[in-house]
>>> print(open('query.cif').read())   # mmCIF, C-alpha atoms
data_coords
loop_
_atom_site.label_atom_id
_atom_site.label_comp_id
_atom_site.auth_asym_id
_atom_site.auth_seq_id
_atom_site.Cartn_x
_atom_site.Cartn_y
_atom_site.Cartn_z
CA MET N 54 119.57 -61.24 -4.49
CA ASP N 55 122.35 -63.55 -5.57
CA GLU N 56 122.56 -67.28 -4.92
CA ASN N 57 124.84 -66.96 -1.87
CA GLU N 58 122.55 -64.44 -0.20
CA PHE N 59 119.57 -66.65 -0.97
CA GLU N 60 121.32 -69.68 0.55
CA GLU N 61 122.08 -67.69 3.72
CA LYS N 62 118.45 -66.61 3.98
CA LEU N 63 117.27 -70.15 3.34
CA SER N 64 119.52 -71.46 6.10
CA ALA N 65 118.19 -68.79 8.48
CA PHE N 66 114.65 -69.76 7.43
CA TRP N 67 115.17 -73.42 8.39
CA GLU N 68 116.85 -72.43 11.68
CA ALA N 69 113.97 -70.12 12.59
CA ASN N 70 111.48 -72.87 11.82
CA ASP N 71 113.44 -75.33 13.97
CA GLU N 72 113.29 -72.83 16.84
CA TRP N 73 109.54 -72.35 16.30
CA LEU N 74 109.07 -76.11 16.27
CA SER N 75 110.97 -76.52 19.54
CA ARG N 76 108.80 -73.87 21.19
CA ARG N 77 105.62 -75.40 19.76
CA LEU N 78 106.49 -78.90 20.92
CA GLN N 79 107.39 -77.56 24.36
CA ALA N 80 104.01 -75.82 24.56
CA ILE N 81 102.32 -79.12 23.74
CA ALA N 82 104.43 -80.97 26.32
CA ASP N 83 103.55 -78.32 28.90
CA THR N 84 99.90 -79.33 28.54
CA GLY N 85 100.82 -82.85 29.60
CA THR N 86 100.37 -84.26 26.11
CA THR N 87 102.92 -86.82 25.01
CA LEU N 88 103.56 -87.31 21.31
CA ASP N 89 104.83 -90.53 19.79
CA GLU N 90 108.46 -89.89 18.82
CA GLN N 91 108.28 -91.90 15.59
CA ALA N 92 105.09 -90.18 14.48
CA LEU N 93 106.60 -86.81 15.34
CA ALA N 94 109.77 -87.56 13.37
CA ALA N 95 107.64 -88.66 10.41
CA ALA N 96 105.65 -85.42 10.64
CA GLU N 97 108.84 -83.33 10.71
CA ASN N 98 110.24 -85.19 7.70
CA SER N 99 106.99 -84.81 5.80
CA VAL N 100 106.87 -81.05 6.35
CA GLU N 101 110.53 -80.57 5.41
CA GLU N 102 110.16 -82.72 2.30
CA ASN N 103 106.95 -81.03 1.15
CA LEU N 104 108.16 -77.52 1.85
CA GLY N 105 111.55 -78.23 0.30
CA GLY N 106 109.79 -79.25 -2.90
CA MET N 107 107.67 -76.11 -2.82
CA ILE N 108 110.75 -73.93 -2.36
CA ALA N 109 112.42 -75.70 -5.29
CA GLN N 110 109.33 -75.00 -7.39
CA SER N 111 109.47 -71.34 -6.36
CA LEU N 112 113.11 -71.20 -7.44
CA GLN N 113 112.05 -72.39 -10.88
CA THR N 114 109.31 -69.76 -11.06
CA HIS N 115 110.99 -66.78 -9.41
CA GLY N 116 114.72 -67.55 -9.35
CA PHE N 117 116.45 -66.08 -6.32
CA SER N 118 114.07 -63.11 -6.19
CA PHE N 119 111.92 -64.37 -3.32
CA PRO N 120 112.82 -64.25 0.36
CA PRO N 121 112.37 -67.73 1.88
CA ASP N 122 110.81 -66.23 5.00
CA ILE N 123 107.55 -65.71 3.11
CA PHE N 124 107.09 -69.45 3.68
CA HIS N 125 107.16 -69.35 7.52
CA ASP N 126 103.39 -69.46 7.92
CA LEU N 127 103.15 -72.22 5.31
CA HIS N 128 105.70 -74.25 7.29
CA HIS N 129 103.75 -73.65 10.48
CA LEU N 130 100.44 -74.57 8.85
CA LEU N 131 101.85 -77.78 7.38
CA PHE N 132 103.20 -78.78 10.77
CA GLU N 133 99.96 -77.90 12.55
CA LEU N 134 98.09 -80.08 10.04
CA GLU N 135 100.49 -82.92 10.87
CA LEU N 136 99.84 -82.34 14.58
CA LYS N 137 96.11 -82.47 13.93
CA GLU N 138 96.64 -85.95 12.48
CA LEU N 139 98.27 -86.83 15.82
CA ASN N 140 95.05 -85.78 17.60
CA ILE N 141 96.30 -82.42 18.84
CA ASP N 142 93.48 -79.89 19.25
CA ASN N 143 94.98 -76.99 17.31
CA SER N 144 92.22 -75.39 15.28
CA ALA N 145 93.21 -71.91 16.51
CA GLU N 146 96.79 -72.43 15.35
CA ILE N 147 95.65 -73.74 11.97
CA HIS N 148 93.40 -70.72 11.59
CA ARG N 149 96.24 -68.36 12.55
CA TYR N 150 98.53 -69.57 9.75
CA LYS N 151 96.10 -70.41 6.95
CA ASP N 152 95.75 -67.00 5.27
CA ASN N 153 99.45 -66.33 4.81
CA ALA N 154 100.04 -69.98 3.93
CA GLN N 155 97.56 -69.54 1.07
CA VAL N 156 99.45 -66.43 -0.02
CA ALA N 157 102.69 -68.43 -0.03
CA LEU N 158 101.03 -71.10 -2.17
CA SER N 159 100.05 -68.39 -4.65
CA VAL N 160 103.72 -67.41 -4.90
CA ILE N 161 104.71 -71.03 -5.49
CA GLU N 162 102.09 -71.31 -8.25
CA GLY N 163 103.33 -68.08 -9.85
CA LYS N 164 100.00 -66.31 -9.31
CA LEU N 165 101.50 -63.68 -7.00
CA THR N 166 104.89 -62.00 -6.98
CA PRO N 167 107.00 -62.31 -3.84
CA VAL N 168 106.91 -58.53 -3.32
CA ASN N 169 103.11 -58.44 -3.48
CA ALA N 170 102.93 -61.50 -1.25
CA GLU N 171 104.96 -59.72 1.42
CA LEU N 172 102.52 -56.80 1.33
CA VAL N 173 99.47 -59.06 1.59
CA MET N 174 101.07 -60.97 4.45
CA MET N 175 101.85 -57.75 6.28
CA LEU N 176 98.19 -56.70 5.96
CA ASN N 177 97.02 -60.12 7.15
CA ARG N 178 99.29 -60.00 10.20
CA SER N 179 98.17 -56.47 11.05
CA HIS N 180 94.55 -57.48 10.75
CA HIS N 181 95.11 -60.55 12.91
CA GLU N 182 96.81 -58.44 15.59
CA LYS N 183 94.07 -55.82 15.48
CA LYS N 184 91.42 -58.45 16.05
CA GLY N 185 93.44 -60.21 18.71
CA GLY N 186 93.30 -63.39 16.66
CA ASN N 187 89.51 -63.62 16.92
CA ASP N 188 87.70 -63.48 13.58
CA ASP N 189 84.35 -63.03 15.31
CA THR N 190 85.51 -59.77 16.85
CA VAL N 191 84.17 -56.53 15.42
CA CYS N 192 86.76 -54.52 13.48
CA ALA N 193 86.63 -50.81 14.15
CA ASP N 194 87.93 -48.73 11.24
CA CYS N 195 89.25 -51.78 9.42
CA ILE N 196 89.68 -52.53 5.73
CA CYS N 197 87.74 -55.78 6.14
CA GLY N 198 84.50 -53.89 6.65
CA ARG N 199 83.22 -56.17 9.42
CA LYS N 200 81.27 -54.13 11.91
#
>>> encode(input="query.cif", output="structure tokens")
Amino acid sequence: MDENEFEEKLSAFWEANDEWLSRRLQAIADTGTTLDEQALAAAENSVEENLGGMIAQSLQTHGFSFPPDIFHDLHHLLFELELKELNIDNSAEIHRYKDNAQVALSVIEGKLTPVNAELVMMLNRSHHEKKGGNDDTVCADCICGRK
């Protein structure tokens, strides 16, 4: 893809993450939990700064050949880790995003191509859906081999 197309996709990536963040914060508020506004703003800035640096590193490694949306789960994991520091009980959310976040890190490090990363992420998501998000659940006819 060319630079303009990449910039459009990057903008859509940040917008989608902002929407996810709004929904996530609303879900936390719905539980009656109140987050400190300054701490929350610091967490948001930290995630954007860290992820922005990782995207810049990916640009150096892969040019404009990677779709920014492969970093959604990494964004979500980074934010969930920030929420954990704010004493939010979110181990299930952290677990949900960790596998594909690790795949995204492999892309950033140049250990995995973006195309292969998309395939691995698709398999991870399918597996997660099949198990209903519960890793202790038995997988019937699954590649993971857990019976």
>>> resolve_selection(input="query.cif", expression="the PyMOL selection byres ((chain N and resi 158-172) around 8)", output="VMD selection string")
chain N and resid 107 to 108 110 to 111 114 to 115 118 to 120 123 127 154 to 157 173 to 176
>>> atom_distance(input="query.cif", atom1="atom CA of N:Phe117", atom2="atom CA of N:His129")
22.4 Å
>>> atom_distance(input="query.cif", atom1="atom CA of N:Ile141", atom2="atom CA of N:Ser64")
28.7 Å
>>> residues_around(input="query.cif", residues="N:Ala96", least_positions_apart="5", cutoff="12 Å", atoms="only C-alpha atoms", output="ChimeraX atom specification")
/N:74,88-91,101-103,128-129,131-139
>>> atom_distance(input="query.cif", atom1="atom CA of N:Tyr150", atom2="atom CA of N:Gln113")
24.8 Å
>>> resolve_selection(input="query.cif", expression="the PyMOL selection byres ((chain N and resi 56) around 12)", output="PyMOL selection string")
chain N and resi 54-55+57-63+112+116-120
>>> write_last_selection(input="query.cif", atoms="C-alpha atoms", output="PDB file, in the frame of the given file")
ATOM      1  CA  MET N  54     119.570 -61.240  -4.490  1.00  0.00           C
ATOM      2  CA  ASP N  55     122.350 -63.550  -5.570  1.00  0.00           C
ATOM      3  CA  ASN N  57     124.840 -66.960  -1.870  1.00  0.00           C
ATOM      4  CA  GLU N  58     122.550 -64.440  -0.200  1.00  0.00           C
ATOM      5  CA  PHE N  59     119.570 -66.650  -0.970  1.00  0.00           C
ATOM      6  CA  GLU N  60     121.320 -69.680   0.550  1.00  0.00           C
ATOM      7  CA  GLU N  61     122.080 -67.690   3.720  1.00  0.00           C
ATOM      8  CA  LYS N  62     118.450 -66.610   3.980  1.00  0.00           C
ATOM      9  CA  LEU N  63     117.270 -70.150   3.340  1.00  0.00           C
ATOM     10  CA  LEU N 112     113.110 -71.200  -7.440  1.00  0.00           C
ATOM     11  CA  GLY N 116     114.720 -67.550  -9.350  1.00  0.00           C
ATOM     12  CA  PHE N 117     116.450 -66.080  -6.320  1.00  0.00           C
ATOM     13  CA  SER N 118     114.070 -63.110  -6.190  1.00  0.00           C
ATOM     14  CA  PHE N 119     111.920 -64.370  -3.320  1.00  0.00           C
ATOM     15  CA  PRO N 120     112.820 -64.250   0.360  1.00  0.00           C
TER      16      PRO N 120
END
>>> residues_around(input="query.cif", residues="N:Asn177", least_positions_apart="4", cutoff="8 Å", atoms="all atoms listed in the file", output="number ranges by chain")
N: 152-153, 173, 181
>>> write_last_selection(input="query.cif", atoms="C-alpha atoms", output="mmCIF file, in the coordinates of the input")
data_model
loop_
_atom_site.group_PDB
_atom_site.id
_atom_site.type_symbol
_atom_site.label_atom_id
_atom_site.label_comp_id
_atom_site.auth_asym_id
_atom_site.auth_seq_id
_atom_site.Cartn_x
_atom_site.Cartn_y
_atom_site.Cartn_z
ATOM 1 C CA ASP N 152 95.750 -67.000 5.270
ATOM 2 C CA ASN N 153 99.450 -66.330 4.810
ATOM 3 C CA VAL N 173 99.470 -59.060 1.590
ATOM 4 C CA HIS N 181 95.110 -60.550 12.910
#
>>> closest_residue(input="query.cif", among="N:Glu182, N:Asp142, N:Pro121, N:Ser75", to="N:Glu97", atoms="all atoms listed in the file")
N:Ser75
>>> closest_residue(input="query.cif", among="N:Ala92, N:Leu104, N:Gln79, N:Trp67", to="N:Asn140", atoms="all atoms listed in the file")
N:Ala92
>>> axis_aligned_box(input="query.cif", around="stretch 113-131 of chain N", padding_each_side="8 Å", output="lines of an AutoDock Vina configuration file")
center_x = 108.4
center_y = -70.4
center_z = -0.3
size_x = 32.0
size_y = 30.7
size_z = 37.5
>>> decode(input="query.cif", residues="stretch 92-127 of chain N", atoms="N, CA and C atoms", output="mmCIF file, in the first residue's frame")
data_model
loop_
_atom_site.group_PDB
_atom_site.id
_atom_site.type_symbol
_atom_site.label_atom_id
_atom_site.label_comp_id
_atom_site.auth_asym_id
_atom_site.auth_seq_id
_atom_site.Cartn_x
_atom_site.Cartn_y
_atom_site.Cartn_z
ATOM 1 N N ALA N 92 -4.888 9.966 36.454
ATOM 2 C CA ALA N 92 -4.237 8.667 36.245
ATOM 3 C C ALA N 92 -4.695 8.051 34.934
ATOM 4 N N LEU N 93 -5.968 8.210 34.619
ATOM 5 C CA LEU N 93 -6.506 7.685 33.372
ATOM 6 C C LEU N 93 -5.896 8.403 32.168
ATOM 7 N N ALA N 94 -5.775 9.714 32.249
ATOM 8 C CA ALA N 94 -5.156 10.481 31.163
ATOM 9 C C ALA N 94 -3.697 10.070 30.983
ATOM 10 N N ALA N 95 -3.000 9.854 32.089
ATOM 11 C CA ALA N 95 -1.606 9.408 32.013
ATOM 12 C C ALA N 95 -1.520 8.030 31.367
ATOM 13 N N ALA N 96 -2.458 7.154 31.693
ATOM 14 C CA ALA N 96 -2.480 5.814 31.098
ATOM 15 C C ALA N 96 -2.719 5.906 29.597
ATOM 16 N N GLU N 97 -3.677 6.726 29.185
ATOM 17 C CA GLU N 97 -3.962 6.897 27.760
ATOM 18 C C GLU N 97 -2.742 7.432 27.022
ATOM 19 N N ASN N 98 -2.087 8.436 27.599
ATOM 20 C CA ASN N 98 -0.892 9.004 26.964
ATOM 21 C C ASN N 98 0.229 7.982 26.868
ATOM 22 N N SER N 99 0.399 7.196 27.910
ATOM 23 C CA SER N 99 1.442 6.175 27.914
ATOM 24 C C SER N 99 1.224 5.155 26.804
ATOM 25 N N VAL N 100 -0.016 4.686 26.672
ATOM 26 C CA VAL N 100 -0.323 3.692 25.642
ATOM 27 C C VAL N 100 -0.102 4.286 24.255
ATOM 28 N N GLU N 101 -0.602 5.497 24.025
ATOM 29 C CA GLU N 101 -0.439 6.120 22.708
ATOM 30 C C GLU N 101 1.028 6.355 22.379
ATOM 31 N N GLU N 102 1.789 6.798 23.365
ATOM 32 C CA GLU N 102 3.212 7.053 23.149
ATOM 33 C C GLU N 102 3.965 5.752 22.859
ATOM 34 N N ASN N 103 3.724 4.736 23.677
ATOM 35 C CA ASN N 103 4.406 3.450 23.481
ATOM 36 C C ASN N 103 4.030 2.815 22.151
ATOM 37 N N LEU N 104 2.745 2.778 21.857
ATOM 38 C CA LEU N 104 2.300 2.148 20.623
ATOM 39 C C LEU N 104 2.733 2.957 19.406
ATOM 40 N N GLY N 105 2.716 4.270 19.525
ATOM 41 C CA GLY N 105 3.199 5.109 18.423
ATOM 42 C C GLY N 105 4.652 4.808 18.087
ATOM 43 N N GLY N 106 5.466 4.613 19.122
ATOM 44 C CA GLY N 106 6.864 4.248 18.904
ATOM 45 C C GLY N 106 7.009 2.883 18.259
ATOM 46 N N MET N 107 6.150 1.953 18.656
ATOM 47 C CA MET N 107 6.198 0.610 18.071
ATOM 48 C C MET N 107 5.769 0.634 16.606
ATOM 49 N N ILE N 108 4.786 1.456 16.292
ATOM 50 C CA ILE N 108 4.349 1.580 14.898
ATOM 51 C C ILE N 108 5.458 2.214 14.067
ATOM 52 N N ALA N 109 6.127 3.211 14.623
ATOM 53 C CA ALA N 109 7.249 3.836 13.915
ATOM 54 C C ALA N 109 8.354 2.816 13.657
ATOM 55 N N GLN N 110 8.621 1.959 14.637
ATOM 56 C CA GLN N 110 9.626 0.911 14.462
ATOM 57 C C GLN N 110 9.193 -0.065 13.370
ATOM 58 N N SER N 111 7.913 -0.387 13.324
ATOM 59 C CA SER N 111 7.402 -1.284 12.283
ATOM 60 C C SER N 111 7.533 -0.660 10.904
ATOM 61 N N LEU N 112 7.353 0.645 10.826
ATOM 62 C CA LEU N 112 7.534 1.336 9.544
ATOM 63 C C LEU N 112 8.973 1.201 9.063
ATOM 64 N N GLN N 113 9.913 1.272 9.990
ATOM 65 C CA GLN N 113 11.314 1.107 9.611
ATOM 66 C C GLN N 113 11.585 -0.309 9.124
ATOM 67 N N THR N 114 10.962 -1.281 9.756
ATOM 68 C CA THR N 114 11.191 -2.682 9.411
ATOM 69 C C THR N 114 10.443 -3.111 8.162
ATOM 70 N N HIS N 115 9.171 -2.711 8.061
ATOM 71 C CA HIS N 115 8.296 -3.233 7.009
ATOM 72 C C HIS N 115 7.830 -2.192 5.996
ATOM 73 N N GLY N 116 8.200 -0.932 6.182
ATOM 74 C CA GLY N 116 7.675 0.103 5.297
ATOM 75 C C GLY N 116 6.170 0.211 5.480
ATOM 76 N N PHE N 117 5.472 0.495 4.396
ATOM 77 C CA PHE N 117 4.015 0.642 4.468
ATOM 78 C C PHE N 117 3.297 -0.670 4.171
ATOM 79 N N SER N 118 4.004 -1.784 4.316
ATOM 80 C CA SER N 118 3.423 -3.075 3.931
ATOM 81 C C SER N 118 2.574 -3.724 5.021
ATOM 82 N N PHE N 119 2.490 -3.116 6.199
ATOM 83 C CA PHE N 119 1.702 -3.754 7.257
ATOM 84 C C PHE N 119 0.439 -2.945 7.545
ATOM 85 N N PRO N 120 -0.667 -3.641 7.746
ATOM 86 C CA PRO N 120 -1.896 -2.940 8.116
ATOM 87 C C PRO N 120 -1.856 -2.592 9.610
ATOM 88 N N PRO N 121 -2.078 -1.337 9.963
ATOM 89 C CA PRO N 121 -2.007 -0.955 11.377
ATOM 90 C C PRO N 121 -2.967 -1.727 12.277
ATOM 91 N N ASP N 122 -4.052 -2.249 11.706
ATOM 92 C CA ASP N 122 -5.018 -2.938 12.563
ATOM 93 C C ASP N 122 -4.485 -4.235 13.168
ATOM 94 N N ILE N 123 -3.309 -4.690 12.750
ATOM 95 C CA ILE N 123 -2.740 -5.861 13.428
ATOM 96 C C ILE N 123 -2.288 -5.510 14.846
ATOM 97 N N PHE N 124 -2.297 -4.214 15.165
ATOM 98 C CA PHE N 124 -1.881 -3.774 16.495
ATOM 99 C C PHE N 124 -3.047 -3.502 17.446
ATOM 100 N N HIS N 125 -4.292 -3.820 17.041
ATOM 101 C CA HIS N 125 -5.434 -3.573 17.929
ATOM 102 C C HIS N 125 -5.294 -4.308 19.256
ATOM 103 N N ASP N 126 -5.008 -5.591 19.206
ATOM 104 C CA ASP N 126 -4.924 -6.349 20.457
ATOM 105 C C ASP N 126 -3.748 -5.889 21.314
ATOM 106 N N LEU N 127 -2.680 -5.441 20.679
ATOM 107 C CA LEU N 127 -1.554 -4.897 21.436
ATOM 108 C C LEU N 127 -1.987 -3.616 22.148
#
